[in-house]
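Source file: start.txt. Holds: compact mmCIF, C-alpha atoms.
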```txt
# COMPACT_ATOMS: atom_id res chain seq x y z
CA MET E 1 58.13 36.64 -5.40
CA LEU E 2 59.55 33.33 -4.23
CA SER E 3 58.21 29.83 -4.08
CA PRO E 4 58.39 28.20 -1.62
CA ALA E 5 59.00 31.03 0.84
CA HIS E 6 62.58 31.40 1.95
CA GLY E 7 64.30 34.24 3.66
CA TYR E 8 62.16 36.43 5.87
CA SER E 9 61.75 39.51 3.73
CA LEU E 10 58.36 41.17 3.45
CA THR E 11 57.09 43.04 0.42
CA PRO E 12 54.49 45.70 1.24
CA VAL E 13 51.20 45.01 -0.56
CA GLY E 14 49.73 48.44 0.19
CA VAL E 15 49.87 51.55 2.33
CA ILE E 16 47.60 53.30 4.86
CA ARG E 17 46.26 56.76 3.99
CA SER E 18 45.04 58.36 7.21
CA SER E 19 44.47 61.73 8.83
CA LEU E 20 46.75 60.51 11.66
CA ARG E 21 50.17 61.90 10.81
CA ASN E 22 52.38 60.70 13.66
CA ARG E 23 52.56 58.38 16.65
CA SER E 24 51.84 61.10 19.19
CA GLU E 25 48.38 61.78 17.79
CA ALA E 26 47.46 58.12 17.20
CA PRO E 27 45.21 56.45 19.78
CA ARG E 28 46.70 53.35 21.40
CA GLN E 29 43.86 51.14 20.21
CA ALA E 30 41.32 51.42 17.42
CA SER E 31 38.54 51.44 20.00
CA GLU E 32 39.88 54.65 21.51
CA GLY E 33 38.65 57.14 18.92
CA ALA E 34 40.59 56.07 15.84
CA PRO E 35 39.39 57.46 12.50
CA ASP E 36 38.46 55.64 9.31
CA ALA E 37 41.26 55.39 6.77
CA TRP E 38 42.02 54.17 3.26
CA VAL E 39 44.17 51.21 2.34
CA GLU E 40 45.76 51.63 -1.11
CA ILE E 41 46.65 48.25 -2.52
CA ASP E 42 49.57 47.84 -4.91
CA SER E 43 48.34 47.24 -8.47
CA GLU E 44 50.47 44.08 -8.76
CA VAL E 45 48.51 42.30 -6.05
CA VAL E 46 45.05 43.86 -6.42
CA ALA E 47 43.68 40.55 -7.74
CA GLY E 48 44.19 39.23 -4.22
CA LEU E 49 41.27 41.39 -3.03
CA ASP E 50 38.65 39.50 -5.07
CA GLY E 51 35.93 38.31 -2.74
CA ILE E 52 36.31 41.02 -0.11
CA THR E 53 32.99 42.81 0.33
CA VAL E 54 31.70 45.98 1.94
CA GLY E 55 30.53 45.33 5.49
CA GLN E 56 32.97 42.49 6.02
CA GLU E 57 35.50 42.49 8.86
CA ILE E 58 39.14 41.94 7.95
CA VAL E 59 42.47 41.86 9.72
CA LEU E 60 45.24 44.09 8.41
CA ILE E 61 48.83 43.22 9.24
CA THR E 62 51.01 46.30 9.02
CA TRP E 63 54.69 47.11 9.28
CA LEU E 64 54.96 49.71 12.04
CA HIS E 65 57.67 51.68 10.31
CA MET E 66 58.22 54.19 13.13
CA ALA E 67 58.72 51.53 15.80
CA ARG E 68 61.88 50.60 17.65
CA ARG E 69 63.12 47.01 17.29
CA ASP E 70 65.63 46.98 20.15
CA VAL E 71 63.07 47.04 22.96
CA LEU E 72 62.00 43.95 24.94
CA LYS E 73 60.32 45.62 27.97
CA VAL E 74 57.92 48.54 28.05
CA HIS E 75 55.63 50.31 30.46
CA PRO E 76 52.18 49.27 29.21
CA ARG E 77 50.39 52.17 27.52
CA ASN E 78 53.64 54.15 28.01
CA CYS E 79 52.48 54.77 31.59
CA LYS E 80 55.43 54.91 33.98
CA ASP E 81 53.15 53.96 36.88
CA LEU E 82 52.63 50.51 35.34
CA ASP E 83 55.33 47.90 35.86
CA LEU E 84 57.56 47.04 32.94
CA ALA E 85 56.21 44.14 30.89
CA GLY E 86 57.65 42.03 28.09
CA VAL E 87 56.69 43.41 24.69
CA PHE E 88 55.05 40.08 23.75
CA ALA E 89 52.64 40.60 26.66
CA THR E 90 51.66 44.03 25.28
CA ARG E 91 50.48 45.61 22.05
CA SER E 92 53.41 48.06 22.01
CA PRO E 93 54.53 48.93 18.46
CA ASP E 94 58.11 48.66 19.74
CA ARG E 95 59.11 44.97 19.46
CA PRO E 96 61.64 42.80 17.58
CA ASN E 97 59.41 42.48 14.51
CA PRO E 98 57.23 45.61 14.35
CA LEU E 99 54.06 44.00 13.00
CA GLY E 100 50.72 45.64 13.71
CA LEU E 101 47.45 43.74 13.89
CA HIS E 102 44.26 45.68 13.18
CA ARG E 103 40.74 44.30 12.96
CA VAL E 104 38.66 46.71 10.88
CA LYS E 105 35.40 46.84 8.97
CA VAL E 106 35.38 47.37 5.20
CA LEU E 107 33.32 50.52 4.60
CA GLU E 108 33.86 51.11 0.87
CA ILE E 109 35.73 49.55 -2.03
CA SER E 110 36.91 51.73 -4.92
CA GLY E 111 39.25 50.08 -7.41
CA ASN E 112 42.45 49.26 -5.56
CA LYS E 113 41.38 51.16 -2.45
CA LEU E 114 39.55 49.94 0.63
CA LYS E 115 38.03 52.36 3.11
CA VAL E 116 38.24 50.75 6.54
CA GLY E 117 37.80 51.69 10.14
CA PRO E 118 38.38 52.37 12.85
CA LEU E 119 42.16 52.25 12.41
CA GLU E 120 44.86 53.62 14.74
CA ALA E 121 47.76 53.19 12.25
CA ILE E 122 49.33 56.41 10.99
CA ASP E 123 49.52 57.71 7.43
CA GLY E 124 52.17 55.97 5.36
CA THR E 125 52.17 52.73 7.35
CA PRO E 126 52.92 49.82 5.00
CA VAL E 127 50.39 46.97 4.84
CA VAL E 128 51.92 43.51 4.48
CA ASP E 129 48.88 41.23 4.62
CA ILE E 130 45.09 41.19 4.70
CA LYS E 131 43.02 38.30 6.03
CA PRO E 132 39.32 37.72 6.54
CA VAL E 133 38.02 37.29 10.05
CA LEU E 134 37.09 33.63 10.19
CA PRO E 135 33.33 33.16 9.77
CA HIS E 136 33.06 30.32 12.29
CA CYS E 137 34.95 32.21 14.94
CA ALA E 138 34.69 35.93 15.56
CA ASN E 139 38.10 36.25 17.11
CA SER E 140 40.97 35.83 14.70
CA MET H 141 68.07 44.93 15.67
CA LEU H 142 67.34 48.30 14.12
CA SER H 143 65.81 51.49 15.43
CA PRO H 144 63.62 52.89 13.97
CA ALA H 145 62.48 50.00 11.82
CA HIS H 146 63.70 50.18 8.25
CA GLY H 147 63.79 47.55 5.60
CA TYR H 148 61.19 44.82 5.85
CA SER H 149 63.24 41.94 7.15
CA LEU H 150 61.85 39.73 9.90
CA THR H 151 63.94 37.97 12.51
CA PRO H 152 62.29 34.82 13.89
CA VAL H 153 61.78 35.06 17.65
CA GLY H 154 60.95 31.38 18.08
CA VAL H 155 59.87 28.15 16.44
CA ILE H 156 56.88 25.80 16.64
CA ARG H 157 57.45 22.25 17.91
CA SER H 158 54.44 20.16 16.87
CA SER H 159 53.42 16.61 16.08
CA LEU H 160 52.21 17.96 12.72
CA ARG H 161 55.03 17.29 10.31
CA ASN H 162 53.78 18.60 6.97
CA ARG H 163 51.05 20.62 5.30
CA SER H 164 49.10 17.59 4.16
CA GLU H 165 48.39 16.44 7.71
CA ALA H 166 47.68 19.91 9.12
CA PRO H 167 44.04 20.90 9.59
CA ARG H 168 43.02 24.04 7.73
CA GLN H 169 41.99 25.81 10.93
CA ALA H 170 42.87 25.34 14.57
CA SER H 171 39.22 24.57 15.32
CA GLU H 172 39.36 21.53 13.06
CA GLY H 173 41.18 19.12 15.31
CA ALA H 174 44.57 20.80 15.66
CA PRO H 175 46.84 19.54 18.44
CA ASP H 176 48.57 21.45 21.22
CA ALA H 177 52.15 22.44 20.45
CA TRP H 178 55.20 24.09 22.00
CA VAL H 179 56.63 27.45 21.08
CA GLU H 180 60.37 27.65 21.74
CA ILE H 181 61.40 31.27 22.17
CA ASP H 182 64.90 32.40 21.24
CA SER H 183 66.97 33.11 24.36
CA GLU H 184 67.83 36.60 23.10
CA VAL H 185 64.21 37.76 23.27
CA VAL H 186 62.86 35.63 26.14
CA ALA H 187 62.56 38.76 28.33
CA GLY H 188 59.77 39.82 25.98
CA LEU H 189 57.57 37.06 27.46
CA ASP H 190 57.39 38.62 30.94
CA GLY H 191 53.78 39.08 31.90
CA ILE H 192 52.36 36.26 29.79
CA THR H 193 50.45 33.87 32.06
CA VAL H 194 49.00 30.37 31.87
CA GLY H 195 45.36 30.48 30.81
CA GLN H 196 45.78 33.65 28.79
CA GLU H 197 44.93 33.82 25.09
CA ILE H 198 47.59 35.11 22.75
CA VAL H 199 48.01 35.62 19.03
CA LEU H 200 51.01 34.05 17.34
CA ILE H 201 52.19 35.48 14.04
CA THR H 202 54.16 32.88 12.12
CA TRP H 203 56.15 32.73 8.91
CA LEU H 204 54.53 29.97 6.84
CA HIS H 205 57.81 28.70 5.47
CA MET H 206 56.29 26.07 3.17
CA ALA H 207 53.93 28.51 1.46
CA ARG H 208 54.06 29.83 -2.10
CA ARG H 209 54.39 33.59 -2.52
CA ASP H 210 53.50 33.82 -6.23
CA VAL H 211 49.79 33.03 -5.81
CA LEU H 212 47.03 35.69 -5.81
CA LYS H 213 43.97 33.46 -6.38
CA VAL H 214 43.07 30.17 -4.76
CA HIS H 215 40.15 27.80 -4.50
CA PRO H 216 39.02 28.29 -0.88
CA ARG H 217 39.92 25.28 1.26
CA ASN H 218 41.69 23.91 -1.83
CA CYS H 219 38.27 22.75 -3.03
CA LYS H 220 38.00 22.91 -6.82
CA ASP H 221 34.20 23.19 -6.55
CA LEU H 222 34.55 26.60 -4.91
CA ASP H 223 35.17 29.61 -7.16
CA LEU H 224 38.64 31.13 -7.18
CA ALA H 225 39.01 33.90 -4.63
CA GLY H 226 41.70 36.47 -3.93
CA VAL H 227 44.15 35.27 -1.32
CA PHE H 228 43.41 38.32 0.86
CA ALA H 229 39.80 37.11 1.07
CA THR H 230 40.98 33.72 2.35
CA ARG H 231 43.21 32.23 5.03
CA SER H 232 45.31 30.38 2.46
CA PRO H 233 48.97 30.06 3.53
CA ASP H 234 49.89 30.86 -0.08
CA ARG H 235 50.04 34.68 -0.36
CA PRO H 236 52.58 37.41 -1.12
CA ASN H 237 53.74 37.61 2.51
CA PRO H 238 53.22 34.17 4.05
CA LEU H 239 52.24 35.31 7.55
CA GLY H 240 50.07 33.03 9.67
CA LEU H 241 47.77 34.28 12.40
CA HIS H 242 46.90 31.90 15.23
CA ARG H 243 44.87 32.61 18.32
CA VAL H 244 45.81 30.08 20.97
CA LYS H 245 45.55 29.54 24.71
CA VAL H 246 48.67 29.39 26.87
CA LEU H 247 48.58 25.98 28.60
CA GLU H 248 52.00 25.84 30.26
CA ILE H 249 55.13 27.98 30.58
CA SER H 250 58.50 26.31 31.10
CA GLY H 251 61.54 28.58 30.83
CA ASN H 252 61.68 29.80 27.25
CA LYS H 253 58.90 27.44 26.11
CA LEU H 254 55.17 28.03 25.92
CA LYS H 255 52.75 25.15 25.49
CA VAL H 256 49.81 26.46 23.47
CA GLY H 257 46.83 25.14 21.63
CA PRO H 258 45.09 24.29 19.53
CA LEU H 259 47.54 25.14 16.75
CA GLU H 260 47.42 24.08 13.10
CA ALA H 261 50.96 25.24 12.22
CA ILE H 262 53.45 22.51 11.39
CA ASP H 263 56.66 21.59 13.18
CA GLY H 264 59.50 23.96 12.40
CA THR H 265 57.32 26.95 11.55
CA PRO H 266 59.13 30.15 12.58
CA VAL H 267 57.32 32.49 14.98
CA VAL H 268 57.85 36.19 14.28
CA ASP H 269 55.61 37.86 16.86
CA ILE H 270 53.41 37.21 19.89
CA LYS H 271 50.66 39.54 21.06
CA PRO H 272 48.07 39.40 23.81
CA VAL H 273 44.42 39.25 22.87
CA LEU H 274 43.12 42.67 23.86
CA PRO H 275 41.29 42.48 27.20
CA HIS H 276 38.58 44.98 26.25
CA CYS H 277 37.83 43.22 23.01
CA ALA H 278 37.80 39.47 22.52
CA ASN H 279 38.51 39.60 18.83
CA SER H 280 41.96 40.76 17.93
```
Please lay out the structure from this file as structure tokens.
Amino acid sequence: MLSPAHGYSLTPVGVIRSSLRNRSEAPRQASEGAPDAWVEIDSEVVAGLDGITVGQEIVLITWLHMARRDVLKVHPRNCKDLDLAGVFATRSPDRPNPLGLHRVKVLEISGNKLKVGPLEAIDGTPVVDIKPVLPHCANS
Amino acid sequence: MLSPAHGYSLTPVGVIRSSLRNRSEAPRQASEGAPDAWVEIDSEVVAGLDGITVGQEIVLITWLHMARRDVLKVHPRNCKDLDLAGVFATRSPDRPNPLGLHRVKVLEISGNKLKVGPLEAIDGTPVVDIKPVLPHCANS
């Protein structure tokens, strides 16, 4: 780990364990029938979880490892009837930096594992950051 | 750019231009008096902005380039009177992967530049992703 940050290289801090095995079976948004899942946190950074509690809402930032990085326009929701839009105007996983943003509720904490849901990310997706939802503002 | 994503290396897609010049003068949250700022998008990825409109709310993901990456516990709000907490339970910029998450409103669009606000990130902060706030859900 570096101090201060230089370069732009991420180190996964954990991984998603989910019943969703591939992109084709994953819902496009968590609100569209996504299951609960486990987040396994790397033992080296587990101290960073202190203070997270069951019932709390958190934001996971993931590395969408199956995404394409050479795409700048997509049909929203992969629907050819919708006009092409810039990837920054969509939640497409395909984008220059394939970061996923997932607001979930903490359902259970067991050692270095957090059960969270609902979560549309597939099994094996690396987690690169976890943040609390801000208490004064329910939106970020 | 790679396809599918491999490695964990980010490529900045833009940079923040702000009157905030360093961490000491930046508010801890956007809601605490942060100014408006400009996001300059790299010409190579400007097509990714198509569909973003003035008045819309977006989420910027930044690379907090002045952060420390070797910190797992912090005093929340840098207040020594508050017990140490894990960085994943806080919004501290100091964390293993120094990603910042900023929900802002688009105030103006001029070529490859977006005026947004309020934004607590300092001048020169790299932007690594932009996402729309989901229309069906005001919180992520």
At a cut-off of 8 Å, which residues of chain E touch chain H? Count only C-alpha atoms and give the answer as a CSV table (one decimal) with C-alpha atoms, keeping the file's coordinate frame.
```
chain,number,residue,atom,x,y,z
E,1,MET,CA,58.1,36.6,-5.4
E,2,LEU,CA,59.6,33.3,-4.2
E,3,SER,CA,58.2,29.8,-4.1
E,4,PRO,CA,58.4,28.2,-1.6
E,5,ALA,CA,59.0,31.0,0.8
E,6,HIS,CA,62.6,31.4,2.0
E,8,TYR,CA,62.2,36.4,5.9
E,9,SER,CA,61.8,39.5,3.7
E,10,LEU,CA,58.4,41.2,3.4
E,11,THR,CA,57.1,43.0,0.4
E,13,VAL,CA,51.2,45.0,-0.6
E,45,VAL,CA,48.5,42.3,-6.0
E,47,ALA,CA,43.7,40.6,-7.7
E,48,GLY,CA,44.2,39.2,-4.2
E,49,LEU,CA,41.3,41.4,-3.0
E,50,ASP,CA,38.6,39.5,-5.1
E,51,GLY,CA,35.9,38.3,-2.7
E,52,ILE,CA,36.3,41.0,-0.1
E,63,TRP,CA,54.7,47.1,9.3
E,64,LEU,CA,55.0,49.7,12.0
E,65,HIS,CA,57.7,51.7,10.3
E,66,MET,CA,58.2,54.2,13.1
E,67,ALA,CA,58.7,51.5,15.8
E,68,ARG,CA,61.9,50.6,17.6
E,69,ARG,CA,63.1,47.0,17.3
E,70,ASP,CA,65.6,47.0,20.2
E,72,LEU,CA,62.0,44.0,24.9
E,73,LYS,CA,60.3,45.6,28.0
E,85,ALA,CA,56.2,44.1,30.9
E,86,GLY,CA,57.6,42.0,28.1
E,87,VAL,CA,56.7,43.4,24.7
E,88,PHE,CA,55.0,40.1,23.8
E,89,ALA,CA,52.6,40.6,26.7
E,90,THR,CA,51.7,44.0,25.3
E,91,ARG,CA,50.5,45.6,22.0
E,96,PRO,CA,61.6,42.8,17.6
E,97,ASN,CA,59.4,42.5,14.5
E,98,PRO,CA,57.2,45.6,14.4
E,99,LEU,CA,54.1,44.0,13.0
E,101,LEU,CA,47.4,43.7,13.9
E,102,HIS,CA,44.3,45.7,13.2
E,103,ARG,CA,40.7,44.3,13.0
E,128,VAL,CA,51.9,43.5,4.5
E,129,ASP,CA,48.9,41.2,4.6
E,130,ILE,CA,45.1,41.2,4.7
E,131,LYS,CA,43.0,38.3,6.0
E,132,PRO,CA,39.3,37.7,6.5
E,138,ALA,CA,34.7,35.9,15.6
E,139,ASN,CA,38.1,36.2,17.1
E,140,SER,CA,41.0,35.8,14.7
```
Inset, instruction - Give me, please, the distance in Å between CA of Ile41 (chain E) and CA of Arg17 (chain E), quoted to one decimal. - result: 10.7 Å
Inset, instruction - Using CA of Pro175 (chain H) and CA of Lys255 (chain H) as the two end points, give the distance in Å to one decimal. - result: 10.8 Å
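Taking CA of Gly173 (chain H) and CA of Leu247 (chain H) as endpoints, the distance between them is 16.7 Å.
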